[in-house]
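Enquirer: There's a structure below that I have some questions on.
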Amino acid sequence: MLLLVGLGNPGPAYEGTPHNIGFRVIDEIVERHGFEPWRSRFHGLVAKGRLGPHDALALKPMTYMNNSGVSVGEAARFFKIDKGDIVVFHDEIDLAPGKVKAKQGGGHAGHNGLKSIDAHLGPDYRRVRIGVGHPGERHMVQHYLVNAKFGADDEKWLAPLVDALVDAAPMLADGDAAFSNKVALLTKPAKEKTSKPQKDSAD
C-alpha cells in the first residue's frame with residue numbers, strides 16, 4: 001500500500017497559501033482517482049483508494065504543519081507501511097514556481113512538516129517537492145508561506161502543475177524517476193506549430 005501524504009494547515013484561513021499546496025494536490029488525487037470519502041483518523045483525514053492496480057491511502061494531517069509527524073507516524077505504523085511506500089507532497093521555496101523534484105530521503109531544509117515527520121519516522125521516506133518560489137528575503141518566508149494567497153497569475157502555472165501531478169500519481173508505484181519523468185512530460189510546453197512556406201503559384 002502507498003501512503004500519500006499532503007502537508008498543510010487545517011482551516012479556511014490557510015486555504016490557497018503556498019504552505020498548503022500539499023493539501024491541494026492530495027485533494028485532487030482523491031477526487032479524480034475516485035477514492036472513498038474522507039474520514040477522521042490518525043489525527044487527520046484519510047481516504048482509501050487505488051492508483052492503477054495498487055492500493056493507496058491518502059492522508060491530510062490535521063495537527064498543523066509543525067506536528068505532521070504525529071499523524072503520518074500513526075498511519076504508517078498501523079498499516080505497517082515501509083518508508084519507501086510513504087510519499088509526502090510538500091511546498092519547496094528553494095525551487096522555482098512550477099518545478100517539481102521527487103526523491104527518497106534527504107534533509108528537511110528547515111521545513112517544519114518534514115522536520116516533524118523525520119522525528120517520528122526518520123528521513124528515509126519519499127518526498128515530492130513542489131516549487132512555490134522564494135519571497136526574496138528570509139524574514140518574509142513565514143508570512144509568504146502561511147499567510148500569502150496564490151493569485152490569478154499563479155494559477156497559470158499552478159493549475160497545470162496540479163493536473164500533471166494528479167495524472168502522474170499512478171506512476172508513484174513505479175518509483176520516483178518514472179513519476180518525475182511523467183510530470184515533466186505533462187508540463188512540457190507545447191511546441192509552436194510552424195507552417196511550411198507555400199510555393200508561389202504560376203497562375
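Each chain in the C-alpha cells gets a letter, A, B and so on, in the order shown; residues start at 1 in every chain, and ligands are counted from 1 in the order they appear.
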Might you pull out every residue within 10 Å of Gly105 in chain A, with only C-alpha atoms counted and same-chain residues fewer than 2 positions away left off, and present them as a list in words?
Expert: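 Neighbouring residues, sequence-local ones excluded: Lys83, Gly84, Ala102, Lys103, Gly107, His108, Asp118, Gly122, Pro123, Asp124, Tyr125, Arg126 and Arg127 of chain A.
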Enquirer: Considering only C-alpha atoms, return as a ChimeraX atom specification whatever protein or nucleic-acid residues lie within 10 Å of Gly98 in chain A, sequence-local ones (same chain, fewer than 3 positions apart) excluded.
Expert: /A:95,130-133,154,156-162,187
Enquirer: CA of Val46 in chain A and CA of Asn112 in chain A are how many Å apart?
Expert: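 So the two atoms, CA of Val46 in chain A and CA of Asn112 in chain A, lie 21.1 Å apart.
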Enquirer: Name all residues at most 10 Å from Ala75 in chain A (count only C-alpha atoms; drop same-chain ones fewer than 3 positions away) and give them as a list in words.
Expert: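 Final neighbour list, sorted by chain and number: Leu3, Arg41, Phe42, His43, Gly44, Val46, Leu57, Leu59, Gly69, Val70, Ser71, Val72, Phe78, Phe79, Lys80 and Ile81 of chain A.
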Enquirer: Using only C-alpha atoms, which of the listed residues (A:Leu7, A:Ile29, A:Ala13, A:Leu172) sits closest to Asn147 in chain A?
Expert: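 Under the stated criterion, the closest residue is A:Ala13.
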Enquirer: Within range 33-165 of chain A, find each residue whose DSSP state, derived from the backbone, is helix (DSSP H, G or I), and express the selection as an MDAnalysis selection string.
Expert: chainID A and resid 65:79 83:85 112:121 138:146 152:165
Enquirer: Quick one: DSSP strand (DSSP E or B) residues in chain A, as number ranges by chain?
Expert: A: 2-6, 39-41, 44-51, 54-61, 86-92, 100-104, 126-131
Enquirer: Keeping only N, CA and C atoms, write the selected residues to a file as a CSV table (one decimal), in the first residue's frame.
Expert:
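That gives us again.csv:
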chain,number,residue,atom,x,y,z
A,2,LEU,N,0.5,2.2,-0.8
A,2,LEU,CA,1.1,3.5,-0.8
A,2,LEU,C,0.4,4.4,0.2
A,3,LEU,N,1.2,5.2,1.0
A,3,LEU,CA,0.7,6.2,1.9
A,3,LEU,C,1.0,7.5,1.2
A,4,LEU,N,0.0,8.2,0.7
A,4,LEU,CA,0.2,9.5,0.1
A,4,LEU,C,-0.2,10.6,1.1
A,5,VAL,N,0.8,11.5,1.4
A,5,VAL,CA,0.5,12.5,2.5
A,5,VAL,C,0.6,13.9,1.8
A,6,GLY,N,-0.4,14.7,2.0
A,6,GLY,CA,-0.4,16.1,1.6
A,6,GLY,C,-0.2,16.9,2.8
A,39,ARG,N,-12.4,10.6,5.9
A,39,ARG,CA,-12.9,10.3,7.3
A,39,ARG,C,-11.8,10.6,8.3
A,40,SER,N,-12.2,10.9,9.5
A,40,SER,CA,-11.2,11.3,10.5
A,40,SER,C,-10.6,10.1,11.1
A,41,ARG,N,-9.2,10.1,11.1
A,41,ARG,CA,-8.5,9.0,11.7
A,41,ARG,C,-7.0,9.5,11.8
A,44,GLY,N,-6.0,13.1,11.6
A,44,GLY,CA,-6.0,13.6,10.3
A,44,GLY,C,-7.2,13.2,9.6
A,45,LEU,N,-7.3,13.4,8.2
A,45,LEU,CA,-8.3,12.9,7.4
A,45,LEU,C,-7.7,11.9,6.4
A,46,VAL,N,-8.4,10.8,6.3
A,46,VAL,CA,-7.8,9.7,5.4
A,46,VAL,C,-8.9,9.3,4.4
A,47,ALA,N,-8.4,8.8,3.3
A,47,ALA,CA,-9.3,8.3,2.2
A,47,ALA,C,-8.6,7.2,1.5
A,48,LYS,N,-9.3,6.0,1.4
A,48,LYS,CA,-8.7,4.9,0.8
A,48,LYS,C,-9.1,4.9,-0.7
A,49,GLY,N,-8.2,4.3,-1.5
A,49,GLY,CA,-8.5,4.2,-2.9
A,49,GLY,C,-7.4,3.4,-3.6
A,50,ARG,N,-7.4,3.5,-4.9
A,50,ARG,CA,-6.5,2.7,-5.8
A,50,ARG,C,-5.8,3.7,-6.8
A,51,LEU,N,-4.6,3.4,-7.1
A,51,LEU,CA,-3.9,4.1,-8.2
A,51,LEU,C,-3.5,3.0,-9.1
A,54,HIS,N,-2.8,-0.6,-7.6
A,54,HIS,CA,-2.2,-0.5,-6.3
A,54,HIS,C,-3.1,0.1,-5.3
A,55,ASP,N,-3.2,-0.5,-4.1
A,55,ASP,CA,-3.9,0.2,-3.0
A,55,ASP,C,-3.2,1.4,-2.5
A,56,ALA,N,-4.0,2.4,-2.1
A,56,ALA,CA,-3.4,3.6,-1.7
A,56,ALA,C,-4.2,4.2,-0.5
A,57,LEU,N,-3.5,4.9,0.4
A,57,LEU,CA,-4.2,5.7,1.4
A,57,LEU,C,-3.8,7.1,1.4
A,58,ALA,N,-4.7,8.0,1.2
A,58,ALA,CA,-4.4,9.4,1.2
A,58,ALA,C,-4.6,10.0,2.7
A,59,LEU,N,-3.7,10.9,3.1
A,59,LEU,CA,-3.7,11.4,4.4
A,59,LEU,C,-3.4,12.9,4.4
A,60,LYS,N,-4.3,13.6,5.1
A,60,LYS,CA,-4.0,15.1,5.4
A,60,LYS,C,-4.0,15.2,6.9
A,61,PRO,N,-2.8,15.4,7.5
A,61,PRO,CA,-2.7,15.7,8.9
A,61,PRO,C,-3.5,16.9,9.3
A,86,ILE,N,5.9,5.5,1.5
A,86,ILE,CA,5.3,6.8,2.0
A,86,ILE,C,5.8,7.9,1.1
A,87,VAL,N,4.8,8.6,0.5
A,87,VAL,CA,5.1,9.7,-0.4
A,87,VAL,C,4.5,11.0,0.2
A,88,VAL,N,5.3,12.0,0.5
A,88,VAL,CA,4.9,13.3,1.1
A,88,VAL,C,4.9,14.4,0.0
A,89,PHE,N,3.8,15.0,-0.2
A,89,PHE,CA,3.7,16.2,-1.1
A,89,PHE,C,3.9,17.4,-0.3
A,90,HIS,N,4.8,18.3,-0.6
A,90,HIS,CA,5.0,19.5,0.2
A,90,HIS,C,5.6,20.6,-0.6
A,91,ASP,N,5.4,21.9,-0.1
A,91,ASP,CA,5.9,23.1,-0.8
A,91,ASP,C,7.4,23.1,-0.6
A,92,GLU,N,8.1,23.8,-1.6
A,92,GLU,CA,9.5,23.9,-1.6
A,92,GLU,C,9.9,25.3,-2.1
A,100,VAL,N,9.2,20.6,-10.0
A,100,VAL,CA,9.0,19.5,-9.1
A,100,VAL,C,10.2,18.6,-9.1
A,101,LYS,N,10.5,18.1,-7.9
A,101,LYS,CA,11.6,17.1,-7.7
A,101,LYS,C,11.1,16.1,-6.8
A,102,ALA,N,11.2,14.8,-7.2
A,102,ALA,CA,10.8,13.7,-6.3
A,102,ALA,C,12.1,12.9,-5.9
A,103,LYS,N,12.2,12.5,-4.7
A,103,LYS,CA,13.3,11.7,-4.2
A,103,LYS,C,13.0,11.0,-2.9
A,104,GLN,N,13.8,10.1,-2.6
A,104,GLN,CA,13.7,9.4,-1.3
A,104,GLN,C,14.8,9.8,-0.4
A,126,ARG,N,9.7,9.0,1.1
A,126,ARG,CA,9.8,9.7,-0.2
A,126,ARG,C,9.1,11.1,-0.1
A,127,ARG,N,9.6,12.0,-0.9
A,127,ARG,CA,9.0,13.4,-0.9
A,127,ARG,C,8.9,13.9,-2.4
A,128,VAL,N,7.8,14.6,-2.6
A,128,VAL,CA,7.6,15.3,-3.9
A,128,VAL,C,7.6,16.7,-3.5
A,129,ARG,N,8.7,17.4,-3.9
A,129,ARG,CA,9.0,18.8,-3.6
A,129,ARG,C,8.4,19.6,-4.7
A,130,ILE,N,7.4,20.5,-4.3
A,130,ILE,CA,6.7,21.3,-5.3
A,130,ILE,C,7.1,22.7,-5.1
A,131,GLY,N,7.8,23.3,-6.2
A,131,GLY,CA,8.3,24.6,-6.1
A,131,GLY,C,7.3,25.7,-6.0
Enquirer: Between A:Leu121, A:His33, A:Gly8, A:Met140, which residue has the minimum interatomic distance to Arg77 in chain A, considering only C-alpha atoms?
Expert: A:Leu121
Enquirer: Give me the residues of range 94-175 of chain A that have any atom at most 9 Å from an atom of range 181-186 of chain A; for each, the nearest atom pair and the distance in Å, rounded to one decimal. Use only C-alpha atoms, sort by chain and number, and format it as CSV.
Expert:
residue,atom,partner,partner_atom,distance
A:Lys99,CA,A:Ala184,CA,8.9
A:Val100,CA,A:Val183,CA,8.0
A:Pro160,CA,A:Leu186,CA,8.6
A:Leu161,CA,A:Val183,CA,8.0
A:Asp163,CA,A:Leu186,CA,8.6
A:Ala164,CA,A:Val183,CA,5.5
A:Leu165,CA,A:Val183,CA,6.1
A:Asp167,CA,A:Val183,CA,8.1
A:Ala168,CA,A:Lys182,CA,5.8
A:Ala169,CA,A:Val183,CA,9.0
A:Met171,CA,A:Lys182,CA,7.6
Enquirer: For each of A:Pro18, A:Leu114, A:Tyr64, A:Pro170, take the minimum atom-to-atom distance to Arg32 in chain A, counting only C-alpha atoms, then give the residue where this is smallest.
Expert: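 Among the listed residues, A:Pro170 lies closest to Arg32 in chain A.
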Enquirer: Which residues, written as an MDAnalysis selection string, have at least one atom at most 10 Å from Gly16 in chain A, with only C-alpha atoms counted and residues fewer than 4 positions away on the same chain left out?
Expert: chainID A and resid 12 20:21 23:24 146:151
Enquirer: Restricting the calculation to only C-alpha atoms: of A:Lys115, A:Pro189, A:Gly73, A:Ile93, which residue gets closest to Tyr144 in chain A?
Expert: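 Smallest separation from Tyr144 in chain A among the options: A:Ile93.
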Enquirer: Neighbouring residues of Gly113 in chain A were defined as those with any atom within 7 Å, considering only C-alpha atoms; residues of the same chain fewer than 2 positions away were excluded. Please report them as a list of chain:residue names.
Expert: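 So, after excluding close chain neighbours, the residues are A:Leu7, A:Met65, A:Asn66, A:Asn67, A:Ser68, A:His111, A:Lys115, A:Ser116, A:Ile117.
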Enquirer: If you keep N, CA and C atoms, can you produce a file of those selected residues as an mmCIF file, in the first residue's frame?
Expert:
data_model
loop_
_atom_site.group_PDB
_atom_site.id
_atom_site.type_symbol
_atom_site.label_atom_id
_atom_site.label_comp_id
_atom_site.auth_asym_id
_atom_site.auth_seq_id
_atom_site.Cartn_x
_atom_site.Cartn_y
_atom_site.Cartn_z
ATOM 1 N N LEU A 7 0.827 17.793 2.853
ATOM 2 C CA LEU A 7 1.069 18.638 4.014
ATOM 3 C C LEU A 7 0.388 19.993 3.869
ATOM 4 N N MET A 65 1.018 22.108 10.646
ATOM 5 C CA MET A 65 2.238 21.684 9.969
ATOM 6 C C MET A 65 3.311 21.176 10.929
ATOM 7 N N ASN A 66 3.522 21.893 12.030
ATOM 8 C CA ASN A 66 4.631 21.571 12.925
ATOM 9 C C ASN A 66 4.539 20.193 13.568
ATOM 10 N N ASN A 67 3.334 19.602 13.592
ATOM 11 C CA ASN A 67 3.148 18.294 14.224
ATOM 12 C C ASN A 67 2.663 17.238 13.232
ATOM 13 N N SER A 68 2.971 17.420 11.955
ATOM 14 C CA SER A 68 2.517 16.487 10.921
ATOM 15 C C SER A 68 2.980 15.059 11.178
ATOM 16 N N HIS A 111 12.019 22.820 6.700
ATOM 17 C CA HIS A 111 10.572 22.677 6.529
ATOM 18 C C HIS A 111 10.010 21.999 7.782
ATOM 19 N N LYS A 115 10.395 18.194 9.177
ATOM 20 C CA LYS A 115 11.140 18.064 10.429
ATOM 21 C C LYS A 115 10.364 17.196 11.420
ATOM 22 N N SER A 116 9.063 17.400 11.489
ATOM 23 C CA SER A 116 8.229 16.613 12.383
ATOM 24 C C SER A 116 8.147 15.156 11.946
ATOM 25 N N ILE A 117 8.002 14.929 10.638
ATOM 26 C CA ILE A 117 7.956 13.549 10.142
ATOM 27 C C ILE A 117 9.287 12.850 10.397
#
Enquirer: Of the residues A:Gly106, A:Gly52, A:Pro97, A:Gly136, which is the one nearest to Glu155 in chain A, using only C-alpha atoms?
Expert: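 Using only C-alpha atoms, the shortest distance to Glu155 in chain A belongs to A:Pro97.
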